[in-house]
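Source file: target_4.cif (mmCIF, C-alpha atoms)
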```
data_entry
#
loop_
_atom_site.group_PDB
_atom_site.id
_atom_site.type_symbol
_atom_site.label_atom_id
_atom_site.label_comp_id
_atom_site.auth_asym_id
_atom_site.auth_seq_id
_atom_site.Cartn_x
_atom_site.Cartn_y
_atom_site.Cartn_z
ATOM 1 C CA MET E 12 33.446 47.810 24.715
ATOM 2 C CA ASN E 13 32.514 44.123 24.516
ATOM 3 C CA PRO E 14 29.896 43.248 21.901
ATOM 4 C CA ARG E 15 26.467 42.079 23.026
ATOM 5 C CA SER E 16 26.171 38.321 22.939
ATOM 6 C CA ILE E 17 23.026 36.292 22.306
ATOM 7 C CA ARG E 18 22.917 32.544 22.843
ATOM 8 C CA ILE E 19 21.519 30.633 19.882
ATOM 9 C CA LYS E 20 20.889 27.002 19.016
ATOM 10 C CA HIS E 21 20.601 25.215 15.691
ATOM 11 C CA VAL E 22 17.913 22.556 16.111
ATOM 12 C CA ASP E 23 16.707 19.977 13.587
ATOM 13 C CA ALA E 24 12.919 19.566 13.933
ATOM 14 C CA PHE E 25 10.509 16.757 13.032
ATOM 15 C CA THR E 26 13.303 14.229 13.458
ATOM 16 C CA THR E 27 15.472 12.625 16.131
ATOM 17 C CA LYS E 28 18.533 12.236 13.880
ATOM 18 C CA PRO E 29 21.012 15.091 13.386
ATOM 19 C CA PHE E 30 21.298 16.512 9.858
ATOM 20 C CA THR E 31 17.757 15.444 8.904
ATOM 21 C CA GLY E 32 14.357 17.117 9.318
ATOM 22 C CA ASN E 33 14.035 20.907 9.140
ATOM 23 C CA PRO E 34 16.709 23.053 10.817
ATOM 24 C CA ALA E 35 15.745 26.172 12.760
ATOM 25 C CA GLY E 36 17.649 28.832 14.619
ATOM 26 C CA VAL E 37 16.461 29.182 18.217
ATOM 27 C CA VAL E 38 16.969 32.199 20.469
ATOM 28 C CA MET E 39 15.485 31.291 23.841
ATOM 29 C CA GLU E 40 15.971 34.733 25.438
ATOM 30 C CA ALA E 41 15.333 37.447 22.860
ATOM 31 C CA ASP E 42 14.171 40.200 25.222
ATOM 32 C CA GLY E 43 15.978 43.394 24.258
ATOM 33 C CA LEU E 44 16.458 42.501 20.597
ATOM 34 C CA THR E 45 14.897 44.816 18.045
ATOM 35 C CA ALA E 46 12.979 43.488 15.056
ATOM 36 C CA GLU E 47 15.848 44.655 12.854
ATOM 37 C CA GLU E 48 18.340 42.661 14.936
ATOM 38 C CA MET E 49 16.122 39.575 14.804
ATOM 39 C CA GLN E 50 15.929 39.876 11.022
ATOM 40 C CA LYS E 51 19.715 40.236 10.762
ATOM 41 C CA ILE E 52 20.243 37.151 12.947
ATOM 42 C CA ALA E 53 17.783 35.158 10.818
ATOM 43 C CA ALA E 54 19.572 36.269 7.651
ATOM 44 C CA GLU E 55 22.932 35.308 9.164
ATOM 45 C CA MET E 56 21.649 31.879 10.179
ATOM 46 C CA ASN E 57 20.239 31.498 6.638
ATOM 47 C CA LEU E 58 17.828 28.766 7.725
ATOM 48 C CA SER E 59 14.209 28.661 6.586
ATOM 49 C CA GLU E 60 13.198 30.139 9.970
ATOM 50 C CA THR E 61 14.744 31.421 13.172
ATOM 51 C CA VAL E 62 12.492 31.686 16.226
ATOM 52 C CA PHE E 63 12.752 34.192 19.072
ATOM 53 C CA ALA E 64 11.187 33.769 22.548
ATOM 54 C CA LEU E 65 10.089 36.956 24.320
ATOM 55 C CA PRO E 66 8.075 37.987 27.387
ATOM 56 C CA PRO E 67 4.339 38.114 26.576
ATOM 57 C CA SER E 68 2.385 41.322 26.076
ATOM 58 C CA ASN E 69 -0.852 39.347 26.524
ATOM 59 C CA GLU E 70 -1.687 38.491 30.150
ATOM 60 C CA GLU E 71 -3.146 35.137 29.096
ATOM 61 C CA ALA E 72 0.093 33.945 27.498
ATOM 62 C CA ASP E 73 3.179 32.366 29.066
ATOM 63 C CA MET E 74 5.497 33.772 26.388
ATOM 64 C CA ARG E 75 5.548 35.472 23.013
ATOM 65 C CA ILE E 76 7.368 34.085 19.989
ATOM 66 C CA ARG E 77 8.308 35.583 16.626
ATOM 67 C CA TRP E 78 9.454 33.764 13.484
ATOM 68 C CA PHE E 79 11.752 35.171 10.791
ATOM 69 C CA THR E 80 12.868 33.741 7.467
ATOM 70 C CA PRO E 81 16.142 35.091 6.026
ATOM 71 C CA THR E 82 14.139 37.884 4.372
ATOM 72 C CA GLN E 83 11.021 38.634 6.461
ATOM 73 C CA GLU E 84 8.881 37.954 9.530
ATOM 74 C CA VAL E 85 6.127 35.354 9.112
ATOM 75 C CA ASP E 86 2.853 34.735 10.947
ATOM 76 C CA LEU E 87 3.321 31.030 11.671
ATOM 77 C CA CYS E 88 6.067 28.416 11.638
ATOM 78 C CA GLY E 89 5.545 24.889 12.921
ATOM 79 C CA HIS E 90 9.038 23.406 12.797
ATOM 80 C CA ALA E 91 10.692 26.371 14.527
ATOM 81 C CA THR E 92 8.115 26.150 17.333
ATOM 82 C CA ILE E 93 8.898 22.461 17.796
ATOM 83 C CA ALA E 94 12.605 23.400 17.817
ATOM 84 C CA LEU E 95 12.096 26.163 20.398
ATOM 85 C CA PHE E 96 10.256 23.991 22.901
ATOM 86 C CA HIS E 97 12.776 21.198 22.432
ATOM 87 C CA ALA E 98 15.515 23.688 23.348
ATOM 88 C CA LEU E 99 13.546 25.051 26.327
ATOM 89 C CA ALA E 100 12.937 21.520 27.630
ATOM 90 C CA GLU E 101 16.599 20.667 27.090
ATOM 91 C CA GLU E 102 17.605 23.637 29.253
ATOM 92 C CA GLY E 103 14.875 23.171 31.862
ATOM 93 C CA HIS E 104 13.435 26.629 31.235
ATOM 94 C CA PHE E 105 9.867 27.489 32.365
ATOM 95 C CA GLY E 106 10.042 24.696 34.948
ATOM 96 C CA LEU E 107 10.233 21.979 32.298
ATOM 97 C CA GLU E 108 11.434 18.700 33.789
ATOM 98 C CA VAL E 109 12.031 15.298 32.245
ATOM 99 C CA ASP E 110 8.922 13.081 32.264
ATOM 100 C CA GLU E 111 6.676 15.885 33.555
ATOM 101 C CA ASP E 112 4.167 17.037 30.938
ATOM 102 C CA GLN E 113 3.468 20.747 30.709
ATOM 103 C CA SER E 114 1.197 23.051 28.696
ATOM 104 C CA PHE E 115 1.763 26.617 27.506
ATOM 105 C CA LEU E 116 -0.195 29.422 25.899
ATOM 106 C CA VAL E 117 1.947 31.204 23.343
ATOM 107 C CA GLU E 118 1.326 34.679 21.958
ATOM 108 C CA THR E 119 2.031 34.905 18.204
ATOM 109 C CA LYS E 120 1.057 36.961 15.167
ATOM 110 C CA SER E 121 -1.482 34.183 14.490
ATOM 111 C CA GLY E 122 -3.098 34.563 17.916
ATOM 112 C CA VAL E 123 -2.608 32.778 21.233
ATOM 113 C CA LEU E 124 -1.797 29.141 20.487
ATOM 114 C CA ALA E 125 -1.485 26.114 22.765
ATOM 115 C CA VAL E 126 1.712 24.069 23.047
ATOM 116 C CA ASP E 127 2.023 20.830 25.027
ATOM 117 C CA VAL E 128 5.370 19.316 25.985
ATOM 118 C CA GLU E 129 5.172 15.582 26.646
ATOM 119 C CA TRP E 130 7.986 13.033 26.985
ATOM 120 C CA ARG E 131 8.834 9.858 25.088
ATOM 121 C CA ASP E 132 11.811 7.799 26.260
ATOM 122 C CA PHE E 133 13.062 10.850 28.196
ATOM 123 C CA HIS E 134 12.973 13.050 25.079
ATOM 124 C CA PRO E 135 10.534 15.965 24.670
ATOM 125 C CA TYR E 136 7.597 15.437 22.313
ATOM 126 C CA ILE E 137 5.950 18.717 21.354
ATOM 127 C CA LYS E 138 2.321 19.186 20.269
ATOM 128 C CA PHE E 139 1.376 22.531 18.792
ATOM 129 C CA SER E 140 -2.129 23.778 17.961
ATOM 130 C CA ILE E 141 -2.327 25.766 14.731
ATOM 131 C CA PRO E 142 -5.103 27.957 13.293
ATOM 132 C CA ILE E 143 -7.751 26.104 11.293
ATOM 133 C CA PRO E 144 -7.553 27.324 7.679
ATOM 134 C CA ARG E 145 -10.317 27.680 5.122
ATOM 135 C CA PHE E 146 -9.851 26.266 1.623
ATOM 136 C CA PHE E 147 -10.915 27.826 -1.680
ATOM 137 C CA PRO E 148 -10.612 26.716 -5.325
ATOM 138 C CA TYR E 149 -7.370 27.783 -6.996
ATOM 139 C CA PRO E 150 -8.273 31.117 -8.649
ATOM 140 C CA GLY E 151 -5.897 30.994 -11.615
ATOM 141 C CA ASP E 152 -5.200 28.934 -14.709
ATOM 142 C CA ILE E 153 -4.353 25.317 -13.838
ATOM 143 C CA LYS E 154 -2.159 24.871 -16.917
ATOM 144 C CA GLU E 155 -0.104 27.916 -15.900
ATOM 145 C CA LEU E 156 0.182 26.562 -12.335
ATOM 146 C CA CYS E 157 1.402 23.185 -13.611
ATOM 147 C CA GLY E 158 3.981 24.882 -15.797
ATOM 148 C CA ALA E 159 5.318 26.900 -12.869
ATOM 149 C CA ILE E 160 5.535 23.913 -10.529
ATOM 150 C CA GLY E 161 7.065 21.667 -13.213
ATOM 151 C CA LEU E 162 4.215 19.222 -13.868
ATOM 152 C CA SER E 163 2.136 18.143 -16.814
ATOM 153 C CA GLU E 164 -1.622 18.359 -16.224
ATOM 154 C CA ILE E 165 -1.936 14.585 -16.605
ATOM 155 C CA GLU E 166 0.167 14.201 -13.453
ATOM 156 C CA LEU E 167 -2.447 15.956 -11.291
ATOM 157 C CA SER E 168 -4.561 13.804 -8.967
ATOM 158 C CA LYS E 169 -7.974 12.762 -10.247
ATOM 159 C CA GLN E 170 -9.318 12.676 -6.662
ATOM 160 C CA ALA E 171 -8.726 16.304 -5.741
ATOM 161 C CA LYS E 172 -8.106 19.677 -7.388
ATOM 162 C CA PRO E 173 -5.636 22.426 -6.459
ATOM 163 C CA LYS E 174 -6.885 24.677 -3.688
ATOM 164 C CA ILE E 175 -5.610 27.649 -1.701
ATOM 165 C CA THR E 176 -5.994 28.553 1.964
ATOM 166 C CA ASP E 177 -6.847 31.888 3.516
ATOM 167 C CA SER E 178 -3.236 32.002 4.766
ATOM 168 C CA GLY E 179 -1.916 31.894 1.203
ATOM 169 C CA TYR E 180 -0.804 28.273 0.806
ATOM 170 C CA CYS E 181 -1.572 26.586 -2.517
ATOM 171 C CA TYR E 182 -2.099 22.804 -2.352
ATOM 172 C CA ILE E 183 -1.410 20.865 -5.531
ATOM 173 C CA PRO E 184 -2.275 17.139 -5.357
ATOM 174 C CA VAL E 185 -0.405 14.850 -7.764
ATOM 175 C CA ARG E 186 -1.228 11.297 -8.772
ATOM 176 C CA ASP E 187 1.866 9.465 -7.462
ATOM 177 C CA TYR E 188 5.196 9.728 -5.704
ATOM 178 C CA ASP E 189 7.151 9.580 -8.978
ATOM 179 C CA SER E 190 5.475 12.793 -10.125
ATOM 180 C CA LEU E 191 6.252 14.447 -6.789
ATOM 181 C CA LYS E 192 9.868 13.313 -6.815
ATOM 182 C CA SER E 193 10.624 14.375 -10.383
ATOM 183 C CA LEU E 194 8.998 17.820 -10.526
ATOM 184 C CA GLU E 195 11.294 20.785 -11.213
ATOM 185 C CA PRO E 196 9.622 24.071 -10.240
ATOM 186 C CA ASN E 197 10.441 27.391 -11.895
ATOM 187 C CA MET E 198 11.028 29.791 -8.984
ATOM 188 C CA ILE E 199 10.599 32.891 -11.134
ATOM 189 C CA LEU E 200 7.175 31.721 -12.328
ATOM 190 C CA LEU E 201 6.181 30.700 -8.776
ATOM 191 C CA LYS E 202 7.060 34.182 -7.531
ATOM 192 C CA LYS E 203 4.893 35.635 -10.299
ATOM 193 C CA LEU E 204 1.929 33.490 -9.221
ATOM 194 C CA ASN E 205 2.579 34.454 -5.598
ATOM 195 C CA TYR E 206 2.148 38.127 -6.439
ATOM 196 C CA ILE E 207 -0.825 37.659 -8.777
ATOM 197 C CA HIS E 208 -2.871 35.543 -6.342
ATOM 198 C CA ASP E 209 -1.443 36.808 -3.022
ATOM 199 C CA LEU E 210 0.093 33.427 -2.162
ATOM 200 C CA THR E 211 2.993 32.600 0.157
ATOM 201 C CA GLY E 212 3.873 28.994 -0.704
ATOM 202 C CA PHE E 213 3.098 25.910 -2.762
ATOM 203 C CA ALA E 214 2.533 22.474 -1.183
ATOM 204 C CA VAL E 215 2.709 19.659 -3.737
ATOM 205 C CA VAL E 216 1.338 16.447 -2.207
ATOM 206 C CA THR E 217 0.495 12.828 -2.940
ATOM 207 C CA THR E 218 -1.265 10.159 -0.893
ATOM 208 C CA ASP E 219 0.334 7.478 -3.085
ATOM 209 C CA THR E 220 3.094 6.668 -0.592
ATOM 210 C CA GLY E 221 3.313 2.880 -0.800
ATOM 211 C CA GLU E 222 4.075 2.935 2.939
ATOM 212 C CA LYS E 223 1.786 1.879 5.789
ATOM 213 C CA GLU E 224 3.375 4.357 8.193
ATOM 214 C CA SER E 225 2.873 7.326 5.862
ATOM 215 C CA ASP E 226 -0.390 9.019 4.844
ATOM 216 C CA TRP E 227 1.138 11.481 2.378
ATOM 217 C CA HIS E 228 4.372 12.901 1.020
ATOM 218 C CA MET E 229 4.851 16.623 0.457
ATOM 219 C CA ARG E 230 7.232 19.100 -1.101
ATOM 220 C CA PHE E 231 6.911 22.784 -0.221
ATOM 221 C CA PHE E 232 8.195 25.831 -2.123
ATOM 222 C CA ALA E 233 8.144 29.444 -0.879
ATOM 223 C CA PRO E 234 10.582 31.504 -2.981
ATOM 224 C CA THR E 235 9.029 34.857 -2.040
ATOM 225 C CA LEU E 236 9.863 34.084 1.615
ATOM 226 C CA GLY E 237 13.466 33.333 0.713
ATOM 227 C CA VAL E 238 12.889 29.561 0.925
ATOM 228 C CA ASP E 239 13.074 27.844 -2.462
ATOM 229 C CA GLU E 240 12.300 24.385 -1.013
ATOM 230 C CA ASP E 241 11.579 23.815 2.660
ATOM 231 C CA PRO E 242 12.639 20.436 4.115
ATOM 232 C CA VAL E 243 9.655 19.829 6.477
ATOM 233 C CA THR E 244 6.845 22.381 6.790
ATOM 234 C CA GLY E 245 4.623 21.946 9.854
ATOM 235 C CA SER E 246 2.326 24.846 8.954
ATOM 236 C CA ALA E 247 1.605 23.178 5.591
ATOM 237 C CA GLN E 248 1.489 19.595 6.858
ATOM 238 C CA GLY E 249 -1.279 20.330 9.386
ATOM 239 C CA PRO E 250 -3.830 21.675 6.882
ATOM 240 C CA MET E 251 -3.322 18.575 4.696
ATOM 241 C CA ALA E 252 -5.721 16.793 7.047
ATOM 242 C CA ILE E 253 -8.414 19.371 6.245
ATOM 243 C CA PHE E 254 -7.529 19.197 2.540
ATOM 244 C CA LEU E 255 -8.342 15.457 2.601
ATOM 245 C CA LYS E 256 -11.628 16.149 4.402
ATOM 246 C CA GLU E 257 -12.571 18.950 1.973
ATOM 247 C CA ASN E 258 -12.125 16.525 -0.927
ATOM 248 C CA GLY E 259 -14.258 13.766 0.636
ATOM 249 C CA LEU E 260 -11.323 11.413 1.164
ATOM 250 C CA LEU E 261 -11.954 10.629 4.854
ATOM 251 C CA ASP E 262 -14.387 8.421 6.775
ATOM 252 C CA LYS E 263 -17.347 10.692 7.569
ATOM 253 C CA LYS E 264 -18.237 8.630 10.659
ATOM 254 C CA THR E 265 -14.908 9.389 12.383
ATOM 255 C CA ASN E 266 -14.453 12.442 14.610
ATOM 256 C CA PHE E 267 -10.731 12.224 15.371
ATOM 257 C CA PHE E 268 -7.912 11.508 12.939
ATOM 258 C CA THR E 269 -4.163 11.013 13.282
ATOM 259 C CA PHE E 270 -1.909 11.195 10.235
ATOM 260 C CA LYS E 271 1.777 10.886 9.437
ATOM 261 C CA GLY E 272 3.060 13.319 6.815
ATOM 262 C CA HIS E 273 6.513 12.833 5.316
ATOM 263 C CA GLN E 274 8.653 15.476 3.667
ATOM 264 C CA GLY E 275 12.275 16.314 2.918
ATOM 265 C CA ARG E 276 13.558 13.342 0.957
ATOM 266 C CA SER E 277 14.093 15.464 -2.151
ATOM 267 C CA VAL E 278 16.570 17.666 -0.251
ATOM 268 C CA HIS E 279 18.104 14.736 1.679
ATOM 269 C CA ARG E 280 16.585 15.878 4.998
ATOM 270 C CA PRO E 281 13.686 13.468 5.661
ATOM 271 C CA GLY E 282 11.317 14.262 8.498
ATOM 272 C CA THR E 283 7.895 13.258 9.821
ATOM 273 C CA VAL E 284 5.031 15.408 11.094
ATOM 274 C CA THR E 285 2.241 13.863 13.152
ATOM 275 C CA VAL E 286 -1.075 15.629 12.504
ATOM 276 C CA HIS E 287 -4.117 15.340 14.784
ATOM 277 C CA MET E 288 -7.494 16.632 13.613
ATOM 278 C CA GLY E 289 -10.670 16.682 15.697
ATOM 279 C CA LEU E 290 -14.211 17.281 14.424
ATOM 280 C CA LYS E 291 -17.329 18.423 16.222
ATOM 281 C CA GLN E 292 -20.621 17.837 14.407
ATOM 282 C CA GLY E 293 -18.675 17.404 11.191
ATOM 283 C CA VAL E 294 -16.727 20.659 11.539
ATOM 284 C CA VAL E 295 -12.984 20.773 12.296
ATOM 285 C CA ASP E 296 -12.472 22.316 15.735
ATOM 286 C CA GLU E 297 -8.938 21.111 16.526
ATOM 287 C CA LEU E 298 -5.779 20.928 14.417
ATOM 288 C CA ILE E 299 -2.475 19.914 15.996
ATOM 289 C CA ILE E 300 0.978 19.191 14.619
ATOM 290 C CA ALA E 301 3.478 17.227 16.682
ATOM 291 C CA GLY E 302 7.020 15.942 16.592
ATOM 292 C CA GLN E 303 10.437 15.779 18.162
ATOM 293 C CA ALA E 304 13.739 17.508 17.525
ATOM 294 C CA VAL E 305 17.489 17.312 18.123
ATOM 295 C CA THR E 306 20.020 20.061 18.845
ATOM 296 C CA VAL E 307 23.079 20.013 16.569
ATOM 297 C CA ILE E 308 24.799 23.346 17.374
ATOM 298 C CA ASP E 309 24.858 25.420 20.574
ATOM 299 C CA GLY E 310 26.635 28.758 20.288
ATOM 300 C CA VAL E 311 26.696 32.529 20.618
ATOM 301 C CA VAL E 312 25.872 35.335 18.224
ATOM 302 C CA ARG E 313 27.863 38.533 18.794
ATOM 303 C CA LEU E 314 25.910 41.618 17.813
#
```

Transcribe the structure of this file into structure tokens.
Amino acid sequence: MNPRSIRIKHVDAFTTKPFTGNPAGVVMEADGLTAEEMQKIAAEMNLSETVFALPPSNEEADMRIRWFTPTQEVDLCGHATIALFHALAEEGHFGLEVDEDQSFLVETKSGVLAVDVEWRDFHPYIKFSIPIPRFFPYPGDIKELCGAIGLSEIELSKQAKPKITDSGYCYIPVRDYDSLKSLEPNMILLKKLNYIHDLTGFAVVTTDTGEKESDWHMRFFAPTLGVDEDPVTGSAQGPMAIFLKENGLLDKKTNFFTFKGHQGRSVHRPGTVTVHMGLKQGVVDELIIAGQAVTVIDGVVRL
């Protein structure tokens, strides 16, 4: 009997250059795969996430997608979604054609989300709406947090304090890029804090970029998800816009913002996330991450 074969792509997201940005496994036709098989494929790919496209169970949606790290399923993944729609556009699936913009409603564990595929110089440019998080003060000891992430307290930003989101991300603002670049986190201690405070990842950020085309730099650590350091994290980059607003660092007269967040230099995989944030009567009502991608491997998984 011949083994079942599943086509899979390895796509670098939030970049247009191979071997940079954040790599994701992409299965464009996952109908018939069990959750166990998806998890095994994600573990075999050993990338921060592998994404699977499925028929929707919700009548409103055009498709359903699931994201898996090497160790577990997750509720949201920005870079793998960018990678998936790049691959779909590349193959012309769902009627996608070069230079013809198209919109989709996507069923996920985080709800039905909107994805727009636009085109720039004949290459797909993907915009992905993500849930709007709420921020809360960090509930633990700041000194202990600094020790786990590999910082001294004096290296923390004076403009903002560490905060957590309702999705379990902990944002730690530092004073400058040198502090961000040189930190050496203790993964065992980070896992301990994850369990104590029900966290899923740590985003260390600085707005001291020294670059006009960059609004912040980030490093992201999620050891309990099997990802010690993620190259470029769309689901963490998007909420940075709200983090700036929560800390009074934005123009209060403006209702629409566009930012460029950079990540990945520390692991030699630089990438850029474009973040759009819209406000209505001072309240965030739209949060979008956007970027491009490039396919580097196209192959088959034999089950």

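Taking all atoms listed in the file into account, E:Asp209 lies nearest to E:Ile175 out of the set E:Val128, E:Leu194, E:Val286, E:Ile175.
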
Would you mind listing, for every residue of stretch 211-272 of chain E within 8 Å of stretch 134-148 of chain E, the two atoms forming the shortest contact and the distance between them in Å to one decimal, using all atoms listed in the file, sorted by chain and ascending residue number, as a Markdown table?
```
| residue | atom | partner | partner_atom | distance |
| --- | --- | --- | --- | --- |
| E:Ser246 | CA | E:Ile141 | CA | 7.5 |
| E:Gly249 | CA | E:Ile141 | CA | 7.7 |
| E:Pro250 | CA | E:Pro144 | CA | 6.8 |
| E:Phe254 | CA | E:Phe146 | CA | 7.5 |
| E:Glu257 | CA | E:Phe146 | CA | 7.8 |
```

> Counting only C-alpha atoms, what is within 8 Å of E:Gln248, bar same-chain residues fewer than 6 positions away, as a PyMOL selection string?
Replying inline: chain E and resi 229+272+284+286+300

>> Need to verify the contact set: E:Gln274, 10 Å, all atoms listed in the file, exclusion of same-chain residues closer than 4 positions in sequence. Can you return it as a PyMOL selection string?
In response: chain E and resi 25+32-33+216+227-231+241-245+248+278-284

> Got a sec to resolve the PyMOL selection byres ((chain E and resi 97-99) around 8) on this structure and send the residues as a ChimeraX atom specification?
Replying inline: /E:20,22,37,39,93-96,100-105,107,135-137,303-306

Could those selected residues go to a file with C-alpha atoms, as a short mmCIF file (atom, residue, chain, number, x, y, z; two decimals), in the frame of the given file?
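Full text of result.cif as output:
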```
data_model
loop_
_atom_site.label_atom_id
_atom_site.label_comp_id
_atom_site.auth_asym_id
_atom_site.auth_seq_id
_atom_site.Cartn_x
_atom_site.Cartn_y
_atom_site.Cartn_z
CA LYS E 20 20.89 27.00 19.02
CA VAL E 22 17.91 22.56 16.11
CA VAL E 37 16.46 29.18 18.22
CA MET E 39 15.48 31.29 23.84
CA ILE E 93 8.90 22.46 17.80
CA ALA E 94 12.60 23.40 17.82
CA LEU E 95 12.10 26.16 20.40
CA PHE E 96 10.26 23.99 22.90
CA ALA E 100 12.94 21.52 27.63
CA GLU E 101 16.60 20.67 27.09
CA GLU E 102 17.60 23.64 29.25
CA GLY E 103 14.88 23.17 31.86
CA HIS E 104 13.44 26.63 31.24
CA PHE E 105 9.87 27.49 32.36
CA LEU E 107 10.23 21.98 32.30
CA PRO E 135 10.53 15.96 24.67
CA TYR E 136 7.60 15.44 22.31
CA ILE E 137 5.95 18.72 21.35
CA GLN E 303 10.44 15.78 18.16
CA ALA E 304 13.74 17.51 17.52
CA VAL E 305 17.49 17.31 18.12
CA THR E 306 20.02 20.06 18.84
#
```

> Evaluating the PyMOL selection byres ((chain E and resi 191) around 12) on the displayed file yields which residues, as an MDAnalysis selection string?
Replying inline: chainID E and resid 160:163 166:168 183:190 192:196 214:220 227:231 274:277

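Here atom CA of E:Gly259 stands at a distance of 20.6 Å from atom CA of E:Pro150.
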
> Which residue, E:Gly310, E:Pro234, E:Pro34, E:Pro66, has the smallest gap to E:Cys88 when you use all atoms listed in the file?
Replying inline: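 For E:Cys88, the nearest of the given residues is E:Pro34.
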
> Looking at all atoms listed in the file, which of E:Ala72, E:Leu314, E:Ile308, E:Val62 is the one that sits closest to E:Leu116?
Replying inline: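 Among the listed residues, E:Ala72 lies closest to E:Leu116.
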
> Mind pulling up the distance from atom CA of E:Glu224 to atom CA of E:Ala301?
Replying inline: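 Answer for the atom CA of E:Ala301 to atom CA of E:Glu224 separation: 15.4 Å.
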
Contact residues around E:Asn205 with all atoms listed in the file at 10 Å, ignoring same-chain residues under 4 positions, as an mmCIF file with C-alpha atoms, keeping the file's coordinate frame:
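Dumped to result.cif:
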```
data_model
loop_
_atom_site.group_PDB
_atom_site.id
_atom_site.type_symbol
_atom_site.label_atom_id
_atom_site.label_comp_id
_atom_site.auth_asym_id
_atom_site.auth_seq_id
_atom_site.Cartn_x
_atom_site.Cartn_y
_atom_site.Cartn_z
ATOM 1 C CA GLY E 179 -1.916 31.894 1.203
ATOM 2 C CA TYR E 180 -0.804 28.273 0.806
ATOM 3 C CA CYS E 181 -1.572 26.586 -2.517
ATOM 4 C CA ILE E 199 10.599 32.891 -11.134
ATOM 5 C CA LEU E 200 7.175 31.721 -12.328
ATOM 6 C CA LEU E 201 6.181 30.700 -8.776
ATOM 7 C CA ASP E 209 -1.443 36.808 -3.022
ATOM 8 C CA LEU E 210 0.093 33.427 -2.162
ATOM 9 C CA THR E 211 2.993 32.600 0.157
ATOM 10 C CA GLY E 212 3.873 28.994 -0.704
ATOM 11 C CA PHE E 213 3.098 25.910 -2.762
ATOM 12 C CA ALA E 233 8.144 29.444 -0.879
ATOM 13 C CA PRO E 234 10.582 31.504 -2.981
ATOM 14 C CA THR E 235 9.029 34.857 -2.040
#
```

> For E:Val85, which of E:Ile17, E:Leu236, E:Ala247, E:Val295 is the closest residue, counting only C-alpha atoms?
Replying inline: E:Leu236

>> Using only C-alpha atoms, can you tell me which of E:Asp296, E:Asp226, E:Asp23, E:Asp42 comes closest to E:Leu58?
In response: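 Once distances to E:Leu58 are computed over only C-alpha atoms, the minimum belongs to E:Asp23.
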
> Any chance you could work out the residue set of the PyMOL selection byres ((chain E and resi 256) around 12) here, as a ChimeraX atom specification?
Replying inline: /E:145-146,170-171,250-255,257-268,288-290,293-295

Restricted to C-alpha atoms, what would the selected residues look like written as a PDB file, keeping the file's coordinate frame?
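So result.pdb came out as:
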```pdb
ATOM      1  CA  ARG E 145     -10.317  27.680   5.122  1.00  0.00           C
ATOM      2  CA  PHE E 146      -9.851  26.266   1.623  1.00  0.00           C
ATOM      3  CA  GLN E 170      -9.318  12.676  -6.662  1.00  0.00           C
ATOM      4  CA  ALA E 171      -8.726  16.304  -5.741  1.00  0.00           C
ATOM      5  CA  PRO E 250      -3.830  21.675   6.882  1.00  0.00           C
ATOM      6  CA  MET E 251      -3.322  18.575   4.696  1.00  0.00           C
ATOM      7  CA  ALA E 252      -5.721  16.793   7.047  1.00  0.00           C
ATOM      8  CA  ILE E 253      -8.414  19.371   6.245  1.00  0.00           C
ATOM      9  CA  PHE E 254      -7.529  19.197   2.540  1.00  0.00           C
ATOM     10  CA  LEU E 255      -8.342  15.457   2.601  1.00  0.00           C
ATOM     11  CA  GLU E 257     -12.571  18.950   1.973  1.00  0.00           C
ATOM     12  CA  ASN E 258     -12.125  16.525  -0.927  1.00  0.00           C
ATOM     13  CA  GLY E 259     -14.258  13.766   0.636  1.00  0.00           C
ATOM     14  CA  LEU E 260     -11.323  11.413   1.164  1.00  0.00           C
ATOM     15  CA  LEU E 261     -11.954  10.629   4.854  1.00  0.00           C
ATOM     16  CA  ASP E 262     -14.387   8.421   6.775  1.00  0.00           C
ATOM     17  CA  LYS E 263     -17.347  10.692   7.569  1.00  0.00           C
ATOM     18  CA  LYS E 264     -18.237   8.630  10.659  1.00  0.00           C
ATOM     19  CA  THR E 265     -14.908   9.389  12.383  1.00  0.00           C
ATOM     20  CA  ASN E 266     -14.453  12.442  14.610  1.00  0.00           C
ATOM     21  CA  PHE E 267     -10.731  12.224  15.371  1.00  0.00           C
ATOM     22  CA  PHE E 268      -7.912  11.508  12.939  1.00  0.00           C
ATOM     23  CA  MET E 288      -7.494  16.632  13.613  1.00  0.00           C
ATOM     24  CA  GLY E 289     -10.670  16.682  15.697  1.00  0.00           C
ATOM     25  CA  LEU E 290     -14.211  17.281  14.424  1.00  0.00           C
ATOM     26  CA  GLY E 293     -18.675  17.404  11.191  1.00  0.00           C
ATOM     27  CA  VAL E 294     -16.727  20.659  11.539  1.00  0.00           C
ATOM     28  CA  VAL E 295     -12.984  20.773  12.296  1.00  0.00           C
TER      29      VAL E 295
END
```

>> Which residue is closest to E:Ile299? Choose from E:Leu204, E:Gly106, E:Asn197, E:Leu124 and count all atoms listed in the file.
In response: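 Under the stated criterion, the closest residue is E:Leu124.
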